[in-house]
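Visitor: Pasting a structure below so you can have a look.
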Amino acid sequence: PALTRSLSSVNYLNTEGAGSDASVVLQSGAGDVPEAEEAVPALPTQGGVERSHCDLRDLYRGVPAPEGGQGKEEEEPISTTTLARWAREPSTDAAKMVSQRIVPLGGDSELLMEMKTFLEDDPNALSGPRKRVKSRKVVLTSDCIDDLVLHWGVSRDEPGQWVLPPENIFPDNTTPVNEIAVETPFRATEGCFGKDQEECVALQRVEVNLPGEVEGEAQGKELMGISFVLRKQDNSAWFKDQENGHSNFQLTFTSKGIKDAMVERIVRAETGPWWTLMHRCDMCNSLLDPVLQGKHPEEQMIKLFVWMRLSAIKQLTWQRNYNTKPKDLSRAQNDLTLRFADIFKSHSNMREIVRMFMTTLGRGGEGGDGQRIRDEILNIMHKHHIGEEQKYFIEQWHQKLHNNTTPDDIVICEAYIEYLKADCNLEAYWKALEAGGLSKERLASYDRPIRTEPIPRMHIKDSLIHDFSNYLAILKKVHSGADLDICVEKVQDFSSDKLKHLLSFVQQRRQDSDVLPLIEAAIEARCQLRQHGMTDPNCDRWKVRELLYLDVALEGIVRLAIERAPKEVSLEEGMQAVSLVAENLCLSSHLSSHELVLCLNSWRRLQQVPAEQRSGDWALQAKATLDRMSYTVSQSADKFMVTMQPTAEHIGLACGCEEWTVKLFTEEVIRSGPAFPLSLLLQRVDPQLRGLAGLGAWQVISPEPTAGWVHCVEDLHTIQHSVFPRPTVVLARRVSGGEEIPAGATAVLSGSSVDVLSHSAVRARNSKVFFATCFDEAVMDQLRALDGQVASVSVAGAEEVRVEQLAELPASTQQSGTENLEGVKLSMKIPPPCSHYALPMEDFSSDNVGAKSRNTLILHQSLGGGKLPEWVRLPCSCAVPFGAMEQVLGLPENAELATELEHNVAAIDTSSEDALAESLARCRATVRYLEVPQEMRVELEKCMQGAGMYTPQTEDQWAAALQALTGVWASKWTERAFISVRNVGLSHADLRMSVLVQEIIPADYAFVIHTTNPSTNDSSQIYAELVLGLGEVLVGNFPGRALSFTCQKTDLSNPTVVGFPSKSVGMFIEQCAIFRSDSNGEDLEGYAGAGLYDSLPMFEAHEQYIDYSNQPLIWDQEYRTALLSQIAQVGLSVEKALGSAQDIEGVVRNGEIFVVQTRPQV
């Protein structure tokens, strides 16, 4: 019988406890899974802290949709403008293209900017062959119909500089117009396209030749590039860079590895003859508007943060050859921090990075507090009759304060107070200085050096402690932003009684060993800050700044509490701590808060289940939620590593920062941030949940025993194109599931959780490569110590892996590739030409379509013949046959593209991963640009209507359909497909692509079934995986795990859940057609080529974060069992109908099960 309860009628049964007073319906319709209507449920309070309603969903409302699958290839839309086509034309000179960029000029006109270098052998190279830059060229081309004039100057010392160009580089008709610029008119030309250059358009262009290394040295200094604007010859309009805040255009060549003009400007300022912290703050302030108005503002803001943090950790000078009055520094800090408060209010997407900025800056002041630094030290000296003589420590410090006060003065003051409290013990003084990062050498390095030590003043010790404690508060008001006590003092005048009570609680108990009440009070106080206007765009900027500093201080309290908390805690305490610290991270991290809030929904619902009701399924659910949180945290860390570390290295190297500091820069940023304590807690709770769920340290995906030389990498993707010359055991920290197994690999051991039915897993089993995931980082660290050694890998018991070091490689070891296919010689049958553009399903045969289409025909015949249950649904289908793409390429209107494709295919470059990806992308781009003839559209429309399936109705819909079709054809040249075909010895030139066209089912769930368990090769057991939404999340490159289950074929009513889902997103779509790749290189005997090529729907599916806390699949065991049992029954029925083990894809829609496609399981 059909599933008795469709998704549109399921309410989950509420568990007892807080936050479970409303049921949530999982609605059908277009397949959208709505987010929970309830906020994150409240928890039992700790230590009497009363929690208010703080709706964490407010943190992510308005955040852009998730980015989706990691590593999924997204093709850039092909621009068809005149200059875009011209830019793709082959170059007529021998120059190396450095960059190409097209920018709008207004109306329909554009400007193409090209930077080129001419290289030659360097005869002076000593270490080996080397190229040097002979000359450089800037080429500007426009299709503007009005005559243009280039108004330009050269950059010599820094990007953006305007210097009068030397006459020897003047293009023809160049005229100086002032002391820094010249003007050169564009000259008329034409651009011709195509093999025979039959299509020509009017263009205008100008070329500027710049000296290379040799000529530059002869002139004394190399030119970096040019700065310019354009004007119409009649002066009726001027043009600037619209994509960068309407700034001047800048084209910069650099040999120093710093390609960012802003970073280059920072480096030049930092390495100049004079510089101070005040100048740094003012310069940062001046850069904010251009950054916010330019391209990639988040990326540029992170670069500014790197700069300011290097300053905060004393890696950049705070004062060099320039005296700064304390009031001037205070003013600069005040201006900058208030500017950040404005950005925090007005740019919600910048809030996380602004919070990070605030950790690097003192709040400053209008000048009064800055002046008090000067005045109060003199008052203390006069009060206690301390002479103004250079031989005394206090006078030397006074001179430093007078000349240039910096945050170091807080440490010096604290050290002096500790010295006094220790009865004038110098050991206490130096210990405090060291704790604050100050050494004797740094004290002596100031322009007004401190070279003497304090002298005992026992008779006035207590009075000095009092006075310098007050003076320390003055220093902190200017230099220390996130000091808790100062922050609390600053907000007293506008704090509610509840906030005051919470802050007092935190201040009094900040060192408690019982950390949970402290953490909860700090988090509740952070929620209260939002109710006090911290995120209100209309709140006063000064108030926002003070609330923001307090928020940063409270976040730090939580981090320090977790770091000192006992490592050994009960599961209940650990889960409570995770819940609180995850909430703390939600309040800090704007970009990842959406997913973290959804994780908290599930986590807190799991907490509400009484201990006596917690089964193995409960532990698996908790483990899945923990895995999702762990991925979110690691994703944030990876993002920082990619965006911060290169800038840290650029600035650090150029400014002479300590090497170890630069190397560990991003790691230390992460460790000092709010994600780190959550990461610590997840590592502590994970083993407890694994033990409770009966999970070991390993998941075996492909169990073939093997051996090889151990090779450690960070990411499998970086080596998927490699060919190992000897058997290799790959240890990869990250595997997404979409990579190809490298040729020559005998095993892949990963620290990433990977679906058993992912592409990488299927390819490993197909190639008889051992594949397993390790959940214990300590075990992976031990295995990495074997890098470069020979080791054997095998299964030892249930889901355990044995890795043993060997003295030499066993003679029987085989590498992945054709030699592992047990003597099967692979070949692709080249199908005969087909005279049709489209075929109805009844005409499918091995001569015109691939195995996917033929199996669809067999399924329909089986359903009609009674071999499948009548409640199994099959989508309507037709196909575009083999040879259709080649027919389209042969049309006269596509002759130019056919020539271009032939050229691009011949130029495929396998010398490196980047070269291969780039050359294959050019092939795909060409095919996607093909013009599909009207005759093909008519044939396809007739077949679609004849099948009774969805058919496009409008021109826009047909354009979308044909774009999907050409996209499938183009996927013949995906990187993964090219590598896989090469690795098994097949010829890519023999590959032909048919396309199965089906009506897409807007799925509530999608599943994949293997009717023989692929991990154990047990033919009596079905294995399946299930996700919410479309199957692309399951078979594509999306992070997280699907729901997985097994089922004995003799007992289909009792499926066993192996793992609950941790996928971050689901994909949902409206009704349309989907075009599925169906090549002659798929499902060959002994080789599963499925998944190598793309299947594309007409309309773009939208991604949505999944809230598992309201899903009946997770919480309603009766519903789950019924659904999984019926999916297993489908698998067994299809296997019996086709007579062999099957790899089946299907969906569930409104309680009905559709089999989308099937193929023999390899």
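Chain labels A, B, ... are given in the sequence in which chains occur in the structure tokens; within each chain residues are numbered consecutively from 1, and ligands are likewise numbered from 1 in the order shown.
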Mind the document's chain letters and residue numbers, and return as a PyMOL selection string the residues of region 115-362 of chain A that DSSP labels alpha helix (DSSP H).
Guide: chain A and resi 213-219+261-270+277-293+297-312+326-346+351-358
Visitor: Which residue, A:Leu1043, A:Leu749, A:Ile1074, A:Ala1128, has the smallest gap to Pro1055 (chain A) when you use only C-alpha atoms?
Guide: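 Smallest distance to Pro1055 (chain A) is found for A:Ala1128.
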Visitor: Have a look at A:Ser987, A:Ser758, A:Ser445, A:Gln1111 and name the one nearest to Val1008 (chain A); count only C-alpha atoms.
Guide: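 Looking only at the distances to Val1008 (chain A), the closest residue turns out to be A:Ser758.
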Visitor: Hey, what's within 9 Å of Val201 (chain A) if we count only C-alpha atoms and toss same-chain stuff fewer than 4 positions away? As a PyMOL selection string, please?
Guide: chain A and resi 82+143+189-193
Visitor: Could you give me, as number ranges by chain, each residue of region 160-235 of chain A that DSSP assigns to strand (DSSP E) when run on this structure's backbone?
Guide: A: 175-176, 182-185, 187-193, 199-211, 225-232
Visitor: Would you save the residues from that selection as a PDB file, in the first residue's frame, using C-alpha atoms?
Guide:
ATOM      1  CA  THR A 175      50.491  65.964 -24.725  1.00  0.00           C
ATOM      2  CA  PRO A 176      51.421  67.000 -21.140  1.00  0.00           C
ATOM      3  CA  VAL A 182      49.457  63.720 -19.908  1.00  0.00           C
ATOM      4  CA  GLU A 183      46.669  63.024 -22.378  1.00  0.00           C
ATOM      5  CA  THR A 184      46.633  60.575 -25.284  1.00  0.00           C
ATOM      6  CA  PRO A 185      43.738  60.267 -27.752  1.00  0.00           C
ATOM      7  CA  ARG A 187      42.916  55.774 -32.170  1.00  0.00           C
ATOM      8  CA  ALA A 188      40.173  54.260 -34.287  1.00  0.00           C
ATOM      9  CA  THR A 189      40.485  50.595 -35.242  1.00  0.00           C
ATOM     10  CA  GLU A 190      38.253  47.595 -35.828  1.00  0.00           C
ATOM     11  CA  GLY A 191      37.915  44.193 -34.315  1.00  0.00           C
ATOM     12  CA  CYS A 192      37.124  41.197 -36.516  1.00  0.00           C
ATOM     13  CA  PHE A 193      35.764  37.848 -35.307  1.00  0.00           C
ATOM     14  CA  GLU A 199      32.388  39.993 -38.816  1.00  0.00           C
ATOM     15  CA  CYS A 200      34.000  43.328 -37.904  1.00  0.00           C
ATOM     16  CA  VAL A 201      33.034  46.104 -35.480  1.00  0.00           C
ATOM     17  CA  ALA A 202      34.345  49.622 -34.844  1.00  0.00           C
ATOM     18  CA  LEU A 203      36.614  49.946 -31.811  1.00  0.00           C
ATOM     19  CA  GLN A 204      39.094  52.466 -30.451  1.00  0.00           C
ATOM     20  CA  ARG A 205      42.221  51.724 -28.477  1.00  0.00           C
ATOM     21  CA  VAL A 206      45.431  53.077 -26.982  1.00  0.00           C
ATOM     22  CA  GLU A 207      48.617  51.257 -25.919  1.00  0.00           C
ATOM     23  CA  VAL A 208      51.125  52.353 -23.279  1.00  0.00           C
ATOM     24  CA  ASN A 209      54.509  50.590 -23.235  1.00  0.00           C
ATOM     25  CA  LEU A 210      56.316  50.545 -19.878  1.00  0.00           C
ATOM     26  CA  PRO A 211      59.953  49.559 -19.243  1.00  0.00           C
ATOM     27  CA  GLY A 225      51.857  50.940 -13.664  1.00  0.00           C
ATOM     28  CA  ILE A 226      49.514  53.761 -14.586  1.00  0.00           C
ATOM     29  CA  SER A 227      46.660  55.730 -13.005  1.00  0.00           C
ATOM     30  CA  PHE A 228      44.079  57.224 -15.343  1.00  0.00           C
ATOM     31  CA  VAL A 229      40.628  58.529 -16.111  1.00  0.00           C
ATOM     32  CA  LEU A 230      38.911  58.879 -19.488  1.00  0.00           C
ATOM     33  CA  ARG A 231      37.042  61.764 -21.055  1.00  0.00           C
ATOM     34  CA  LYS A 232      35.127  62.321 -24.215  1.00  0.00           C
TER      35      LYS A 232
END
Visitor: Quote the spacing between CA of Ala561 (chain A) and CA of Arg510 (chain A) in Å to one decimal place.
Guide: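 These atoms are spaced 7.8 Å apart.
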Visitor: I want to know what sits within 8 Å of region 1075-1078 of chain A, based on only C-alpha atoms, with residues of the same chain fewer than 5 positions away left out; could you give that as a PyMOL selection string?
Guide: chain A and resi 849-853+964-965+968-969+993-998+1093-1098
Visitor: Could you please take those selected residues and save N, CA, C and O atoms as a PDB file, in the first residue's frame?
Guide:
ATOM      1  N   VAL A 849      20.921   6.016 -27.305  1.00  0.00           N
ATOM      2  CA  VAL A 849      20.919   6.608 -25.954  1.00  0.00           C
ATOM      3  C   VAL A 849      21.773   5.759 -25.017  1.00  0.00           C
ATOM      4  O   VAL A 849      22.102   4.604 -25.325  1.00  0.00           O
ATOM      5  N   GLY A 850      22.106   6.335 -23.860  1.00  0.00           N
ATOM      6  CA  GLY A 850      22.914   5.644 -22.882  1.00  0.00           C
ATOM      7  C   GLY A 850      22.116   4.713 -21.991  1.00  0.00           C
ATOM      8  O   GLY A 850      20.888   4.601 -22.102  1.00  0.00           O
ATOM      9  N   ALA A 851      22.825   4.067 -21.065  1.00  0.00           N
ATOM     10  CA  ALA A 851      22.207   3.057 -20.201  1.00  0.00           C
ATOM     11  C   ALA A 851      21.144   3.649 -19.294  1.00  0.00           C
ATOM     12  O   ALA A 851      20.161   2.984 -18.956  1.00  0.00           O
ATOM     13  N   LYS A 852      21.306   4.904 -18.907  1.00  0.00           N
ATOM     14  CA  LYS A 852      20.339   5.542 -18.011  1.00  0.00           C
ATOM     15  C   LYS A 852      18.964   5.592 -18.682  1.00  0.00           C
ATOM     16  O   LYS A 852      17.939   5.267 -18.068  1.00  0.00           O
ATOM     17  N   SER A 853      18.933   5.997 -19.958  1.00  0.00           N
ATOM     18  CA  SER A 853      17.656   6.073 -20.689  1.00  0.00           C
ATOM     19  C   SER A 853      17.086   4.690 -20.930  1.00  0.00           C
ATOM     20  O   SER A 853      15.870   4.455 -20.782  1.00  0.00           O
ATOM     21  N   ALA A 964      20.108  24.589 -20.291  1.00  0.00           N
ATOM     22  CA  ALA A 964      20.375  23.391 -19.491  1.00  0.00           C
ATOM     23  C   ALA A 964      20.917  22.274 -20.379  1.00  0.00           C
ATOM     24  O   ALA A 964      21.850  21.548 -20.007  1.00  0.00           O
ATOM     25  N   LEU A 965      20.349  22.131 -21.566  1.00  0.00           N
ATOM     26  CA  LEU A 965      20.801  21.088 -22.494  1.00  0.00           C
ATOM     27  C   LEU A 965      22.261  21.293 -22.882  1.00  0.00           C
ATOM     28  O   LEU A 965      23.072  20.355 -22.804  1.00  0.00           O
ATOM     29  N   VAL A 968      24.625  20.389 -20.123  1.00  0.00           N
ATOM     30  CA  VAL A 968      24.897  18.950 -19.991  1.00  0.00           C
ATOM     31  C   VAL A 968      25.926  18.524 -21.028  1.00  0.00           C
ATOM     32  O   VAL A 968      26.867  17.777 -20.725  1.00  0.00           O
ATOM     33  N   TRP A 969      25.766  18.964 -22.257  1.00  0.00           N
ATOM     34  CA  TRP A 969      26.780  18.645 -23.265  1.00  0.00           C
ATOM     35  C   TRP A 969      28.161  19.126 -22.827  1.00  0.00           C
ATOM     36  O   TRP A 969      29.156  18.421 -22.968  1.00  0.00           O
ATOM     37  N   MET A 993      27.606  12.022 -25.861  1.00  0.00           N
ATOM     38  CA  MET A 993      26.657  12.404 -24.828  1.00  0.00           C
ATOM     39  C   MET A 993      25.230  12.406 -25.369  1.00  0.00           C
ATOM     40  O   MET A 993      24.890  13.177 -26.278  1.00  0.00           O
ATOM     41  N   SER A 994      24.400  11.512 -24.836  1.00  0.00           N
ATOM     42  CA  SER A 994      22.961  11.644 -25.020  1.00  0.00           C
ATOM     43  C   SER A 994      22.409  12.287 -23.743  1.00  0.00           C
ATOM     44  O   SER A 994      23.110  12.380 -22.728  1.00  0.00           O
ATOM     45  N   VAL A 995      21.164  12.722 -23.817  1.00  0.00           N
ATOM     46  CA  VAL A 995      20.581  13.437 -22.670  1.00  0.00           C
ATOM     47  C   VAL A 995      19.177  12.902 -22.426  1.00  0.00           C
ATOM     48  O   VAL A 995      18.315  12.938 -23.324  1.00  0.00           O
ATOM     49  N   LEU A 996      18.959  12.394 -21.222  1.00  0.00           N
ATOM     50  CA  LEU A 996      17.636  11.941 -20.807  1.00  0.00           C
ATOM     51  C   LEU A 996      16.857  13.144 -20.292  1.00  0.00           C
ATOM     52  O   LEU A 996      17.305  13.844 -19.386  1.00  0.00           O
ATOM     53  N   VAL A 997      15.689  13.381 -20.890  1.00  0.00           N
ATOM     54  CA  VAL A 997      14.860  14.532 -20.512  1.00  0.00           C
ATOM     55  C   VAL A 997      13.659  14.017 -19.729  1.00  0.00           C
ATOM     56  O   VAL A 997      12.911  13.161 -20.221  1.00  0.00           O
ATOM     57  N   GLN A 998      13.498  14.517 -18.514  1.00  0.00           N
ATOM     58  CA  GLN A 998      12.402  14.060 -17.662  1.00  0.00           C
ATOM     59  C   GLN A 998      11.723  15.251 -17.001  1.00  0.00           C
ATOM     60  O   GLN A 998      12.305  16.331 -16.865  1.00  0.00           O
ATOM     61  N   TYR A1093      29.188  13.433 -15.022  1.00  0.00           N
ATOM     62  CA  TYR A1093      28.674  14.480 -15.895  1.00  0.00           C
ATOM     63  C   TYR A1093      27.451  15.124 -15.242  1.00  0.00           C
ATOM     64  O   TYR A1093      26.823  14.559 -14.352  1.00  0.00           O
ATOM     65  N   ASP A1094      27.082  16.287 -15.725  1.00  0.00           N
ATOM     66  CA  ASP A1094      26.057  17.076 -15.046  1.00  0.00           C
ATOM     67  C   ASP A1094      24.646  16.691 -15.469  1.00  0.00           C
ATOM     68  O   ASP A1094      24.402  16.287 -16.616  1.00  0.00           O
ATOM     69  N   SER A1095      23.725  16.851 -14.539  1.00  0.00           N
ATOM     70  CA  SER A1095      22.294  16.822 -14.815  1.00  0.00           C
ATOM     71  C   SER A1095      21.743  18.163 -14.359  1.00  0.00           C
ATOM     72  O   SER A1095      21.915  18.542 -13.194  1.00  0.00           O
ATOM     73  N   LEU A1096      21.083  18.883 -15.262  1.00  0.00           N
ATOM     74  CA  LEU A1096      20.721  20.271 -14.998  1.00  0.00           C
ATOM     75  C   LEU A1096      19.233  20.499 -15.206  1.00  0.00           C
ATOM     76  O   LEU A1096      18.685  20.158 -16.259  1.00  0.00           O
ATOM     77  N   PRO A1097      18.558  21.098 -14.223  1.00  0.00           N
ATOM     78  CA  PRO A1097      17.149  21.456 -14.407  1.00  0.00           C
ATOM     79  C   PRO A1097      17.031  22.765 -15.187  1.00  0.00           C
ATOM     80  O   PRO A1097      17.971  23.552 -15.260  1.00  0.00           O
ATOM     81  N   MET A1098      15.858  22.990 -15.748  1.00  0.00           N
ATOM     82  CA  MET A1098      15.607  24.246 -16.458  1.00  0.00           C
ATOM     83  C   MET A1098      15.758  25.445 -15.533  1.00  0.00           C
ATOM     84  O   MET A1098      16.363  26.449 -15.886  1.00  0.00           O
TER      85      MET A1098
END
Visitor: If we count only C-alpha atoms, what is near region 237-249 of chain A at a cut-off of 10 Å, once residues fewer than 3 positions away on the same chain are taken out, given as JSON, numbers by chain?
Guide: {"A": [103, 104, 105, 106, 113, 148, 149, 150, 151, 152, 160, 226, 227, 228, 229, 230, 231, 232, 233, 234, 252, 289, 290, 291, 292, 293, 294, 295, 296, 297]}
Visitor: List as a PyMOL selection string the protein and nucleic acid residues near region 577-581 of chain A, meaning an atom at most 9 Å away when only C-alpha atoms are counted, but skip any in the same chain fewer than 4 places from it.
Guide: chain A and resi 43+516+519-520+523+558-559+562+572-573+585-586+600+603-604+674-675+677-678+681-682+685
Visitor: Go ahead and write the residues just picked, C-alpha atoms, as a PDB file, in the first residue's frame.
Guide:
ATOM      1  CA  LEU A  43      17.005  25.957  28.974  1.00  0.00           C
ATOM      2  CA  LEU A 516      28.120  27.380  33.853  1.00  0.00           C
ATOM      3  CA  ILE A 519      28.631  31.716  31.262  1.00  0.00           C
ATOM      4  CA  GLU A 520      24.851  31.874  31.323  1.00  0.00           C
ATOM      5  CA  ILE A 523      25.222  35.345  27.599  1.00  0.00           C
ATOM      6  CA  VAL A 558      32.883  33.075  28.206  1.00  0.00           C
ATOM      7  CA  ARG A 559      36.017  32.041  26.320  1.00  0.00           C
ATOM      8  CA  ILE A 562      35.671  27.413  29.045  1.00  0.00           C
ATOM      9  CA  GLU A 572      24.818  16.276  30.670  1.00  0.00           C
ATOM     10  CA  GLU A 573      27.225  19.028  31.733  1.00  0.00           C
ATOM     11  CA  LEU A 585      28.955  32.132  19.111  1.00  0.00           C
ATOM     12  CA  CYS A 586      25.593  32.893  17.494  1.00  0.00           C
ATOM     13  CA  LEU A 600      20.729  24.767  18.632  1.00  0.00           C
ATOM     14  CA  TRP A 603      20.532  20.250  20.269  1.00  0.00           C
ATOM     15  CA  ARG A 604      18.180  21.735  22.856  1.00  0.00           C
ATOM     16  CA  PRO A 674      34.344  32.791  20.134  1.00  0.00           C
ATOM     17  CA  ALA A 675      34.423  29.690  17.888  1.00  0.00           C
ATOM     18  CA  PRO A 677      35.735  27.385  23.018  1.00  0.00           C
ATOM     19  CA  LEU A 678      32.885  25.706  21.159  1.00  0.00           C
ATOM     20  CA  LEU A 681      33.683  21.484  23.948  1.00  0.00           C
ATOM     21  CA  LEU A 682      32.655  19.569  20.843  1.00  0.00           C
ATOM     22  CA  VAL A 685      31.580  15.626  24.025  1.00  0.00           C
TER      23      VAL A 685
END
Visitor: CA of Arg976 (chain A) and CA of Val748 (chain A) are how many Å apart?
Guide: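 CA of Val748 (chain A) lies at a distance of 17.0 Å from CA of Arg976 (chain A).
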Visitor: For region 931-975 of chain A versus region 860-875 of chain A, which residues have an atom no more than 12 Å away, and what is each residue's nearest atom pair and distance in Å rounded to one decimal, using only C-alpha atoms, chain-then-number order, as a tab-separated table?
Guide:
residue	atom	partner	partner_atom	distance
A:Met944	CA	A:Pro875	CA	11.8
A:Ala947	CA	A:Pro875	CA	9.6
A:Gly948	CA	A:Pro875	CA	9.8
A:Met949	CA	A:Pro875	CA	8.1
A:Tyr950	CA	A:Pro875	CA	10.4
Visitor: Would you work out the distance separating CA of Glu1032 (chain A) from CA of Asp776 (chain A), expressed in Å to one decimal?
Guide: 28.8 Å
Visitor: Counting only C-alpha atoms, which residue out of A:Ser736, A:Asn334, A:Gln789, A:Thr899 sits closest to Val1035 (chain A)?
Guide: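 Once distances to Val1035 (chain A) are computed over only C-alpha atoms, the minimum belongs to A:Ser736.
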Visitor: Do you know which residues are at most 10 Å from Arg448 (chain A) counting only C-alpha atoms, after dropping those on the same chain fewer than 3 positions away, and could you put them as a list of chain:residue names?
Guide: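 The contact residues come out as A:Asn323, A:Gln396, A:Trp397, A:His398, A:Gln399, A:Lys400, A:Leu401, A:His402, A:Asn403, A:Asn404, A:Leu443, A:Ala444, A:Ser445, A:Arg451.
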